[in-house]
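Data from query27.cif: mmCIF, C-alpha atoms
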```
data_structure
loop_
_atom_site.label_atom_id
_atom_site.label_comp_id
_atom_site.auth_asym_id
_atom_site.auth_seq_id
_atom_site.Cartn_x
_atom_site.Cartn_y
_atom_site.Cartn_z
CA MET U 63 0.00 0.00 0.00
CA ASN U 64 2.58 2.51 -1.12
CA GLU U 65 -0.23 4.96 -1.81
CA LEU U 66 -0.20 5.79 1.89
CA LEU U 67 3.45 6.83 1.81
CA HIS U 68 2.81 9.03 -1.23
CA LEU U 69 0.72 11.24 1.06
CA GLN U 70 3.88 12.36 2.86
CA ASP U 71 4.98 14.81 0.17
CA LYS U 72 1.51 16.36 0.04
CA ILE U 73 1.43 16.69 3.82
CA GLU U 74 4.80 18.44 3.94
CA GLN U 75 3.56 20.99 1.41
CA ALA U 76 0.19 21.62 3.08
CA ASN U 77 -0.13 25.14 4.45
CA SER U 78 -3.62 25.07 5.96
CA ILE U 79 -5.68 23.00 8.36
CA SER U 80 -8.33 22.40 5.70
CA MET U 81 -5.72 20.88 3.38
CA LEU U 82 -4.49 18.60 6.17
CA ARG U 83 -8.07 17.52 6.89
CA GLU U 84 -8.47 16.49 3.25
CA LEU U 85 -5.22 14.53 3.38
CA HIS U 86 -6.28 12.79 6.60
CA ASP U 87 -9.53 11.77 4.91
CA GLU U 88 -7.51 10.32 2.03
CA ILE U 89 -6.15 7.62 4.36
CA LEU U 90 -9.59 6.06 4.61
CA MET U 91 -10.23 6.37 0.88
CA ILE U 92 -6.89 4.70 0.06
CA LEU U 93 -7.60 1.75 2.34
CA LYS U 94 -11.20 1.34 1.22
CA GLY U 95 -10.20 1.56 -2.43
CA HIS U 96 -7.36 -0.93 -2.19
CA PRO U 97 -8.43 -4.14 -3.99
CA ASP U 98 -6.75 -6.46 -1.48
CA PHE U 99 -7.68 -4.66 1.71
CA LEU U 100 -10.76 -6.66 2.71
CA SER U 101 -8.69 -9.83 2.42
CA LEU U 102 -5.65 -8.28 4.07
CA ASN U 103 -3.22 -10.98 5.09
CA ARG U 104 -2.38 -10.85 8.77
CA ASP U 105 1.26 -11.43 7.84
CA VAL U 106 1.48 -7.88 6.48
CA THR U 107 -0.58 -6.27 9.23
CA PHE U 108 2.47 -4.84 11.02
CA SER U 109 3.73 -3.40 7.73
CA VAL U 110 0.45 -1.59 7.10
CA TYR U 111 0.46 -0.19 10.64
CA LYS U 112 4.01 1.03 10.12
CA GLN U 113 2.94 2.94 7.01
CA LEU U 114 -0.10 4.35 8.82
CA SER U 115 2.15 5.49 11.66
CA ILE U 116 4.44 7.33 9.25
CA VAL U 117 1.46 9.18 7.75
CA HIS U 118 -0.07 9.99 11.15
CA ASP U 119 3.30 11.30 12.35
CA ALA U 120 3.64 13.50 9.28
CA LEU U 121 0.14 14.93 9.74
CA MET U 122 0.68 15.70 13.42
CA TYR U 123 4.12 17.20 12.80
CA ARG U 124 2.70 19.54 10.17
CA VAL U 125 -0.25 20.51 12.39
CA LEU U 126 2.12 21.39 15.22
CA LYS U 127 4.32 23.43 12.91
CA LEU U 128 1.27 25.51 11.97
CA ALA U 129 0.26 25.75 15.64
CA GLU U 130 3.72 26.95 16.60
CA ILE U 131 3.57 29.66 13.93
CA GLU U 132 0.20 30.81 15.27
CA VAL U 133 1.50 31.01 18.85
CA GLU U 134 4.44 33.11 17.72
CA LEU U 135 2.06 35.45 15.86
CA ARG U 136 -0.06 35.89 18.98
CA GLY U 137 3.01 36.71 21.07
CA ILE U 138 1.76 34.99 24.23
CA GLY U 139 4.31 34.00 26.87
CA GLN U 140 7.95 33.15 26.32
CA ARG U 141 9.14 30.27 24.22
CA PRO U 142 11.09 27.79 26.40
CA ASP U 143 14.71 26.91 25.73
CA ALA U 144 13.48 23.48 24.66
CA TYR U 145 10.15 21.70 24.44
CA CYS U 146 8.78 18.50 22.99
CA TRP U 147 5.25 17.54 22.02
CA TYR U 148 4.88 13.81 22.64
CA ILE U 149 2.22 11.20 21.97
CA MET U 150 1.07 8.27 24.08
CA GLY U 151 -1.15 5.24 23.63
CA SER U 152 -1.46 3.43 20.32
CA GLY U 153 0.19 6.31 18.46
CA ALA U 154 3.34 6.03 20.57
CA ARG U 155 3.38 2.29 19.88
CA HIS U 156 2.93 2.74 16.09
CA GLU U 157 -0.43 0.95 16.42
CA GLN U 158 -2.95 3.63 15.42
CA THR U 159 -5.87 2.69 13.20
CA VAL U 160 -7.47 5.21 10.83
CA ARG U 161 -9.66 7.04 13.30
CA THR U 162 -8.08 7.53 16.71
CA ASP U 163 -8.50 10.20 19.33
CA GLN U 164 -5.72 12.28 20.80
CA ASP U 165 -3.27 11.08 23.44
CA ASN U 166 -0.59 13.74 23.77
CA GLY U 167 1.35 16.04 26.06
CA ILE U 168 4.17 18.57 26.23
CA ILE U 169 7.41 18.55 28.19
CA PHE U 170 9.53 21.70 28.28
CA ASP U 171 12.68 22.98 29.94
CA CYS U 172 13.53 26.57 30.81
CA ASN U 173 15.23 28.84 33.29
CA GLU U 174 13.40 28.78 36.64
CA GLY U 175 12.94 32.53 36.50
CA ASN U 176 11.07 32.27 33.19
CA LYS U 177 8.94 29.32 34.22
CA GLU U 178 5.61 31.16 34.51
CA SER U 179 5.87 32.89 31.12
CA CYS U 180 7.05 29.64 29.53
CA TYR U 181 3.97 27.89 30.90
CA GLN U 182 1.86 30.60 29.25
CA TYR U 183 3.50 29.90 25.89
CA ILE U 184 3.17 26.13 26.24
CA ASN U 185 -0.45 26.34 27.38
CA GLU U 186 -1.32 28.43 24.33
CA LEU U 187 0.49 25.97 22.08
CA ALA U 188 -1.46 23.12 23.72
CA LYS U 189 -4.80 24.85 23.12
CA ILE U 190 -4.07 25.61 19.48
CA GLY U 191 -2.35 22.30 18.77
CA THR U 192 -5.13 20.11 20.19
CA SER U 193 -7.77 22.24 18.46
CA TYR U 194 -6.01 21.89 15.11
CA MET U 195 -5.64 18.13 15.68
CA ASN U 196 -9.37 17.88 16.28
CA ASP U 197 -10.06 19.92 13.14
CA ILE U 198 -8.09 17.59 10.87
CA GLY U 199 -9.62 14.37 12.22
CA TYR U 200 -8.06 13.46 15.58
CA PRO U 201 -10.93 13.92 18.08
CA PHE U 202 -10.38 15.28 21.58
CA CYS U 203 -9.65 12.52 24.09
CA GLU U 204 -12.73 11.80 26.24
CA GLY U 205 -10.44 11.00 29.16
CA HIS U 206 -8.63 14.32 28.60
CA VAL U 207 -5.21 12.70 28.17
CA MET U 208 -4.03 15.69 26.19
CA ALA U 209 -1.50 18.51 26.26
CA THR U 210 -4.16 20.91 27.59
CA ASN U 211 -4.38 18.87 30.80
CA PRO U 212 -1.83 20.12 33.40
CA ARG U 213 -1.12 16.47 34.22
CA TRP U 214 0.43 16.01 30.76
CA GLN U 215 1.83 19.53 30.33
CA LYS U 216 4.90 19.88 32.53
CA GLN U 217 8.22 21.55 32.96
CA LEU U 218 10.87 18.82 33.13
CA ALA U 219 11.50 19.08 36.88
CA ASP U 220 7.74 19.19 37.57
CA TRP U 221 7.29 16.05 35.48
CA GLU U 222 9.83 14.11 37.53
CA ARG U 223 8.20 15.25 40.79
CA GLN U 224 4.81 14.09 39.53
CA ILE U 225 6.10 10.68 38.44
CA LYS U 226 7.77 10.28 41.83
CA GLN U 227 4.42 10.97 43.50
CA TYR U 228 2.77 8.26 41.39
CA VAL U 229 5.49 5.75 42.26
CA GLU U 230 5.32 6.51 45.96
CA GLY U 231 1.51 6.57 46.04
CA HIS U 232 0.90 3.42 43.95
CA THR U 233 -2.92 3.81 44.17
CA PRO U 234 -4.96 2.37 41.26
CA ASP U 235 -5.00 5.77 39.57
CA ASP U 236 -1.26 6.20 40.16
CA ILE U 237 -0.59 2.84 38.48
CA ARG U 238 -2.89 3.74 35.59
CA TYR U 239 -0.99 6.98 35.01
CA LEU U 240 2.34 5.15 35.16
CA LEU U 241 1.15 2.68 32.52
CA ILE U 242 0.00 5.56 30.34
CA ALA U 243 3.36 7.29 30.82
CA SER U 244 5.13 4.08 29.81
CA ASP U 245 4.25 5.00 26.22
CA LEU U 246 6.00 8.24 25.34
CA ARG U 247 7.23 9.07 21.86
CA ALA U 248 8.48 12.44 20.64
CA ILE U 249 6.53 13.86 17.70
CA TYR U 250 7.66 17.51 17.49
CA GLY U 251 10.40 19.50 19.15
CA ASP U 252 13.44 18.33 21.07
CA PRO U 253 13.30 14.51 21.51
CA ARG U 254 16.08 14.59 24.11
CA LEU U 255 13.53 15.73 26.69
CA ILE U 256 11.54 12.52 26.16
CA VAL U 257 14.70 10.46 26.55
CA VAL U 258 15.26 12.13 29.94
CA CYS U 259 11.60 11.61 30.97
CA LYS U 260 11.69 7.91 30.08
CA ARG U 261 14.98 7.42 31.86
CA ASN U 262 13.60 9.07 35.00
CA LEU U 263 10.45 6.96 34.86
CA GLN U 264 12.45 3.76 34.50
CA ARG U 265 14.80 4.70 37.33
CA LEU U 266 11.92 5.42 39.71
CA LEU U 267 10.04 2.26 38.75
CA TYR U 268 13.10 0.06 39.15
CA SER U 269 13.61 1.40 42.68
CA SER U 270 10.12 0.43 43.95
CA ALA U 271 9.25 -3.24 44.28
CA MET U 272 5.82 -2.32 45.68
CA THR U 273 4.94 -0.20 42.65
CA LEU U 274 6.05 -2.96 40.28
CA LYS U 275 3.89 -5.42 42.23
CA ARG U 276 0.88 -3.09 42.01
CA MET U 277 1.52 -2.64 38.29
CA GLY U 278 1.56 -6.40 37.78
CA GLU U 279 -1.70 -6.79 39.71
CA HIS U 280 -3.29 -4.04 37.62
CA CYS U 281 -2.44 -5.96 34.44
CA LEU U 282 -4.69 -8.85 35.50
CA THR U 283 -7.68 -6.72 34.46
CA PRO U 284 -9.77 -6.42 32.38
CA GLU U 285 -10.81 -10.06 32.64
CA VAL U 286 -10.57 -11.85 29.32
CA PRO U 287 -14.15 -12.76 28.20
CA LEU U 288 -13.48 -16.43 27.48
CA SER U 289 -15.02 -19.22 29.57
CA PHE U 290 -13.23 -22.33 30.82
CA PHE U 291 -14.97 -24.29 28.06
CA GLY U 292 -13.85 -21.84 25.36
CA TYR U 293 -17.08 -19.85 25.00
CA ILE U 294 -16.63 -16.20 23.99
CA HIS U 295 -18.70 -13.86 26.14
CA ALA U 296 -19.99 -11.13 23.85
CA GLU U 297 -21.98 -8.11 25.03
CA ARG U 298 -25.48 -9.23 26.02
CA TRP U 299 -27.38 -5.95 26.10
CA GLY U 300 -27.48 -2.51 24.50
CA GLU U 301 -26.28 -1.23 21.16
CA HIS U 302 -23.30 -3.61 21.14
CA ALA U 303 -25.27 -6.79 21.91
CA GLY U 304 -23.65 -9.77 20.19
CA LYS U 305 -20.39 -7.89 19.72
CA LEU U 306 -16.97 -8.20 21.35
CA ASN U 307 -14.81 -5.27 22.39
CA ILE U 308 -11.53 -6.28 20.75
CA LYS U 309 -9.59 -3.54 22.50
CA GLN U 310 -10.60 -4.57 26.02
CA ALA U 311 -10.82 -8.31 25.36
CA ILE U 312 -7.38 -8.93 23.79
CA TYR U 313 -5.46 -5.78 23.02
CA VAL U 314 -5.36 -4.07 26.44
CA PRO U 315 -4.55 -7.25 28.44
CA ILE U 316 -1.64 -8.03 26.09
CA ILE U 317 -0.14 -4.53 25.86
CA ASN U 318 -0.38 -3.94 29.62
CA CYS U 319 1.19 -7.29 30.50
CA ILE U 320 4.00 -6.59 28.03
CA LYS U 321 4.49 -3.12 29.56
CA PHE U 322 4.84 -4.71 32.99
CA LEU U 323 7.37 -7.25 31.76
CA CYS U 324 9.34 -4.45 30.11
CA ALA U 325 9.33 -2.53 33.39
CA ILE U 326 10.76 -5.39 35.44
CA TYR U 327 13.23 -6.53 32.79
CA HIS U 328 14.47 -3.08 31.70
CA VAL U 329 13.27 -3.15 28.09
CA ASP U 330 12.83 0.17 26.26
CA LYS U 331 11.11 -0.26 22.89
CA ASP U 332 8.17 1.54 21.25
CA SER U 333 5.85 -1.04 19.69
CA THR U 334 4.28 -3.99 21.49
CA TRP U 335 5.80 -6.38 18.96
CA GLU U 336 9.30 -4.93 19.47
CA ARG U 337 8.84 -5.20 23.22
CA ALA U 338 7.66 -8.81 23.04
CA TYR U 339 10.52 -9.76 20.69
CA THR U 340 13.13 -8.16 22.96
CA LEU U 341 11.68 -9.94 26.01
CA PHE U 342 11.84 -13.23 24.11
CA ALA U 343 15.39 -12.54 22.87
CA LYS U 344 16.49 -11.90 26.46
CA ASN U 345 14.85 -15.15 27.63
CA HIS U 346 12.07 -13.42 29.57
CA LEU U 347 9.30 -14.96 27.44
CA PRO U 348 9.05 -18.66 26.54
CA HIS U 349 9.26 -19.26 22.80
CA ALA U 350 5.77 -20.79 22.53
CA LEU U 351 4.18 -17.93 24.45
CA TYR U 352 6.04 -15.35 22.36
CA GLU U 353 4.79 -16.94 19.14
CA ASP U 354 1.23 -17.01 20.47
CA ILE U 355 1.48 -13.35 21.53
CA CYS U 356 2.56 -12.36 18.01
CA ILE U 357 -0.40 -14.19 16.48
CA ALA U 358 -2.84 -12.73 19.02
CA LEU U 359 -1.48 -9.23 18.49
CA GLN U 360 -1.71 -9.62 14.71
CA THR U 361 -5.31 -10.78 15.04
CA ALA U 362 -6.31 -7.89 17.30
CA LEU U 363 -4.60 -5.27 15.15
CA TYR U 364 -5.95 -6.77 11.93
CA LEU U 365 -9.55 -6.79 13.17
CA ARG U 366 -9.30 -3.29 14.66
CA LEU U 367 -7.95 -1.91 11.38
CA LEU U 368 -10.48 -3.79 9.28
CA TYR U 369 -13.43 -2.56 11.33
CA SER U 370 -12.08 0.99 11.60
CA VAL U 371 -12.32 1.14 7.81
CA LYS U 372 -15.68 -0.61 7.58
CA GLU U 373 -17.30 1.37 10.38
CA GLN U 374 -15.31 4.59 9.80
CA SER U 375 -14.77 4.84 13.56
CA SER U 376 -12.39 3.52 16.21
CA ALA U 377 -14.25 0.21 15.76
CA ASP U 378 -13.40 -1.41 19.07
CA TYR U 379 -16.40 -3.70 18.64
CA VAL U 380 -16.64 -6.58 16.18
CA CYS U 381 -19.76 -8.62 15.49
CA LEU U 382 -18.96 -12.26 16.13
CA ARG U 383 -21.60 -13.46 13.65
CA ASP U 384 -19.92 -11.50 10.84
CA LEU U 385 -16.50 -13.06 11.31
CA HIS U 386 -15.22 -15.70 8.93
CA GLU U 387 -14.63 -19.08 10.52
CA GLN U 388 -10.85 -18.62 10.33
CA ASP U 389 -10.98 -15.18 11.94
CA ARG U 390 -13.29 -16.47 14.69
CA ALA U 391 -10.88 -19.34 15.40
CA LEU U 392 -7.92 -16.93 15.55
CA LEU U 393 -9.93 -14.63 17.81
CA LYS U 394 -10.61 -17.45 20.25
CA GLU U 395 -6.94 -18.44 20.24
CA GLY U 396 -6.02 -14.80 20.85
CA LEU U 397 -8.30 -14.67 23.88
CA LYS U 398 -6.68 -17.85 25.20
CA THR U 399 -3.26 -16.28 24.75
CA ALA U 400 -4.31 -13.14 26.64
CA LYS U 401 -5.46 -15.34 29.55
CA VAL U 402 -2.21 -17.34 29.51
CA LEU U 403 -0.16 -14.12 29.49
CA GLN U 404 -2.11 -12.76 32.46
CA ARG U 405 -1.46 -16.01 34.35
CA TYR U 406 2.23 -15.74 33.45
CA VAL U 407 2.36 -12.21 34.91
CA ASN U 408 0.35 -13.25 37.97
CA LYS U 409 2.85 -16.02 38.70
CA LEU U 410 5.69 -13.49 38.63
CA VAL U 411 3.79 -11.15 40.94
CA VAL U 412 2.73 -13.83 43.44
CA ASN U 413 6.18 -15.38 43.61
CA ALA U 414 7.94 -11.99 43.39
CA GLN U 415 10.27 -13.44 40.76
CA TYR U 416 11.94 -10.11 40.16
CA GLU U 417 13.58 -7.47 42.26
CA ALA U 418 13.77 -3.71 42.09
CA THR U 419 17.13 -2.16 41.36
CA ASN U 420 18.63 1.28 41.73
CA LEU U 421 19.99 2.79 38.51
#
```

Mind converting the file's structure to C-alpha cells?
Amino acid sequence: MNELLHLQDKIEQANSISMLRELHDEILMILKGHPDFLSLNRDVTFSVYKQLSIVHDALMYRVLKLAEIEVELRGIGQRPDAYCWYIMGSGARHEQTVRTDQDNGIIFDCNEGNKESCYQYINELAKIGTSYMNDIGYPFCEGHVMATNPRWQKQLADWERQIKQYVEGHTPDDIRYLLIASDLRAIYGDPRLIVVCKRNLQRLLYSSAMTLKRMGEHCLTPEVPLSFFGYIHAERWGEHAGKLNIKQAIYVPIINCIKFLCAIYHVDKDSTWERAYTLFAKNHLPHALYEDICIALQTALYLRLLYSVKEQSSADYVCLRDLHEQDRALLKEGLKTAKVLQRYVNKLVVNAQYEATNL
C-alpha cells in the first residue's frame, strides 16, 4: 500500500488546516479503495500499521508546525529553551488505526525565573495544537489525556516530581498513570527531553518493588471474556449486543502485561511487537508464548484496522456473527493467549520473581 506513503509529500507541502483535513480523509479512501484490503493478510498487518504510523506522524508534525507559527504570531508567553510535544497510547506504539482520538502532552525545559511565562507559551500551544488536531480528524480525548491537561503539560522538573508521587503513592490511579506514561514518543520539538523523561520513569520504577507489584496486579484486568470451556462472552445488552470489544478483550490485556514485563526486565522499545521480541530474545518470554502473543497481536490489530475502515470509527467492537470461521478461530486463540499471558504475569507477581534495582 505505497499509496499511503505518497501522502507524505503532500502533507509536507500543506499550508492550511483544511488541506491537512483532506489529506487525513484520504487515508480512509486509500484503504477502502485498495483491492486487497478486505482480504488483508495478517502477515502484512504490522507493515500496514508502520505505514499508517508514518502518515499519522507527518500529519501531526505539520499541524504542530502551523500551531507553533500561530502562537508566535499571537506573542503569548515566552518560548522555552526546549520543548517536545509527545504522543502516548497506540500512536506512541505505532499501532494507530485510521480514526483515533488524541493522546498527547508537552514537556519543556527553561530557566526557573522564566517558568511562569514559559507555561503561558506552552499552554497556548497546547490549546491551538489540540484544536487543530481535532479539526483535521483526531478527536479530543474523552479521558482528557491531552497537552491541555496540566497532568500532561509539565516543565521537566515538575514532570519528575509528579512521576515520583505516582510511584510513591501506587494507588490504582497512580498505576494507571504510570502505565499511560510508559508509552512516550516524541513527535515535534526536542526529543532529548523525552529520553530524559523515560529514563527518570524507569529509574523510579526500578527502585520500587511495591509499585512494580501493584503494576503487575493491575495488568490482570480487564478479565478476558473467554469461559473455561472456550465460549466467547460477547456483550449481552445494549447497542453492542452480540459484539466483542476487541480492544478490552485482547489488546489491552496483552499490551499492559508486556508493559509490565518491560518494566521489570528493563526493556525500552516503542511497539508492542518490538517489546515482546526483545523480552523473548532476552529469555524473559518462553518461545511458545512469544509466538502465540505475536499471532494474538496480529489478530487484534488486523480486526481493529479492518473494522475501523468498515465502520469509519475507532471500531473497538466486532460482530462475532460477521467473522469468517478462520478469523473467529484466531480470535478465540487470541483470547486464550491473553489469559495465559495474564497467568504468566500473575505467577511473577505472586512469587515476586523479580527485584527492584537502583539505577

#### Entry: Nearest to His156 in chain U by atom-to-atom distance, counting all atoms listed in the file, from U:Val207, U:Ile169, U:Leu363, U:Ala358
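Nearest to His156 in chain U: U:Leu363.
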
### Query
When you draw a straight line from CA of Cys172 in chain U to CA of Phe202 in chain U, how long is it in Å?
28.0 Å

### Query
Met208 in chain U: which residues within 6 Å, counting all atoms listed in the file, same-chain residues fewer than 6 positions away excluded, as JSON, numbers by chain?
{"U": [165, 166, 167]}

Selection: 8 Å around range 194-199 of chain U, all atoms listed in the file, excl. self and same-chain fewer than 2 positions, as a JSON list (two decimals) with C-alpha atoms, in the frame of the given file:
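So result16.json came out as:
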```
[["chain", "number", "residue", "atom", "x", "y", "z"],
["U", 79, "ILE", "CA", -5.68, 23.00, 8.36],
["U", 80, "SER", "CA", -8.33, 22.40, 5.70],
["U", 82, "LEU", "CA", -4.49, 18.60, 6.17],
["U", 83, "ARG", "CA", -8.07, 17.52, 6.89],
["U", 84, "GLU", "CA", -8.47, 16.49, 3.25],
["U", 86, "HIS", "CA", -6.28, 12.79, 6.60],
["U", 87, "ASP", "CA", -9.53, 11.77, 4.91],
["U", 122, "MET", "CA", 0.68, 15.70, 13.42],
["U", 125, "VAL", "CA", -0.25, 20.51, 12.39],
["U", 129, "ALA", "CA", 0.26, 25.75, 15.64],
["U", 161, "ARG", "CA", -9.66, 7.04, 13.30],
["U", 164, "GLN", "CA", -5.72, 12.28, 20.80],
["U", 190, "ILE", "CA", -4.07, 25.61, 19.48],
["U", 191, "GLY", "CA", -2.35, 22.30, 18.77],
["U", 192, "THR", "CA", -5.13, 20.11, 20.19],
["U", 201, "PRO", "CA", -10.93, 13.92, 18.08],
["U", 202, "PHE", "CA", -10.38, 15.28, 21.58]]
```

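What the PyMOL selection byres ((chain U and resi 309) around 8) picks from this file is Asn307, Ile308, Gln310, Ala311, Ile312, Tyr313, Val314, Ala362, Arg366, Asp378 and Tyr379 of chain U.
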
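Taking CA of Glu88 in chain U and CA of His206 in chain U as endpoints, the distance between them is 26.9 Å.
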
### Query
Please, what distance in Å, to one decimal, runs between CA of Thr273 in chain U and CA of Tyr352 in chain U?
25.3 Å

### Task
Rank nothing, just name the residue among U:Met150, U:Lys394, U:Lys216, U:Ile89 nearest to Ser289 in chain U, using only C-alpha atoms.
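Checking each candidate against Ser289 in chain U, we get U:Lys394 as the closest.
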
### Message
For the provided coordinates, the residues matched by the PyMOL selection byres ((chain U and resi 278) around 9) should be stated as an MDAnalysis selection string.
### Response
chainID U and resid 273:277 279:282 318:319 322:323 407:408 410:411

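If you measure from each of U:Leu382, U:Gly396, U:Lys401, U:Glu74 to His302 in chain U using only C-alpha atoms, the closest one turns out to be U:Leu382.
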
### Message
From the options U:Ala414, U:Ile131, U:Ile237, U:Ile149, which residue's atoms come nearest to Ala271 in chain U, counting only C-alpha atoms?
### Response
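Among the listed residues, U:Ala414 lies closest to Ala271 in chain U.
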
#### Entry: Selection: 12 Å around Asn173 in chain U, all atoms listed in the file, excl. self and same-chain fewer than 3 positions, as an MDAnalysis selection string
chainID U and resid 140:144 170 176:181 217:219

### Task
Mind checking which residues fall within 10 Å of range 263-270 of chain U, counting all atoms listed in the file, ignoring those fewer than 2 positions away in the same chain, and posting them as a ChimeraX atom specification?
/U:221-222,225-226,228-230,232,240,243-244,257-261,272-275,277,324-330,417-421

### Message
Quick one: residues within 12 Å of Asp389 in chain U, all atoms listed in the file, excluding same-chain residues fewer than 2 positions away - as JSON, numbers by chain?
### Response
{"U": [101, 102, 103, 104, 357, 358, 360, 361, 362, 364, 365, 368, 380, 381, 382, 383, 384, 385, 386, 387, 391, 392, 393, 394, 395, 396]}

Just need the box for range 335-353 of chain U, edges along x, y and z, holding every atom the file lists for it with 5 Å tacked onto each side, so centre and edge lengths in Å to one decimal, as lines of an AutoDock Vina configuration file.
```
center_x = 10.3
center_y = -12.9
center_z = 24.3
size_x = 22.3
size_y = 25.9
size_z = 20.6
```

### Query
Nearest to Arg390 in chain U among U:Tyr123, U:Pro348, U:Gly292, U:Gln70, with distances taken over all atoms listed in the file: which residue is it?
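So, comparing all the options, the nearest one is U:Gly292.
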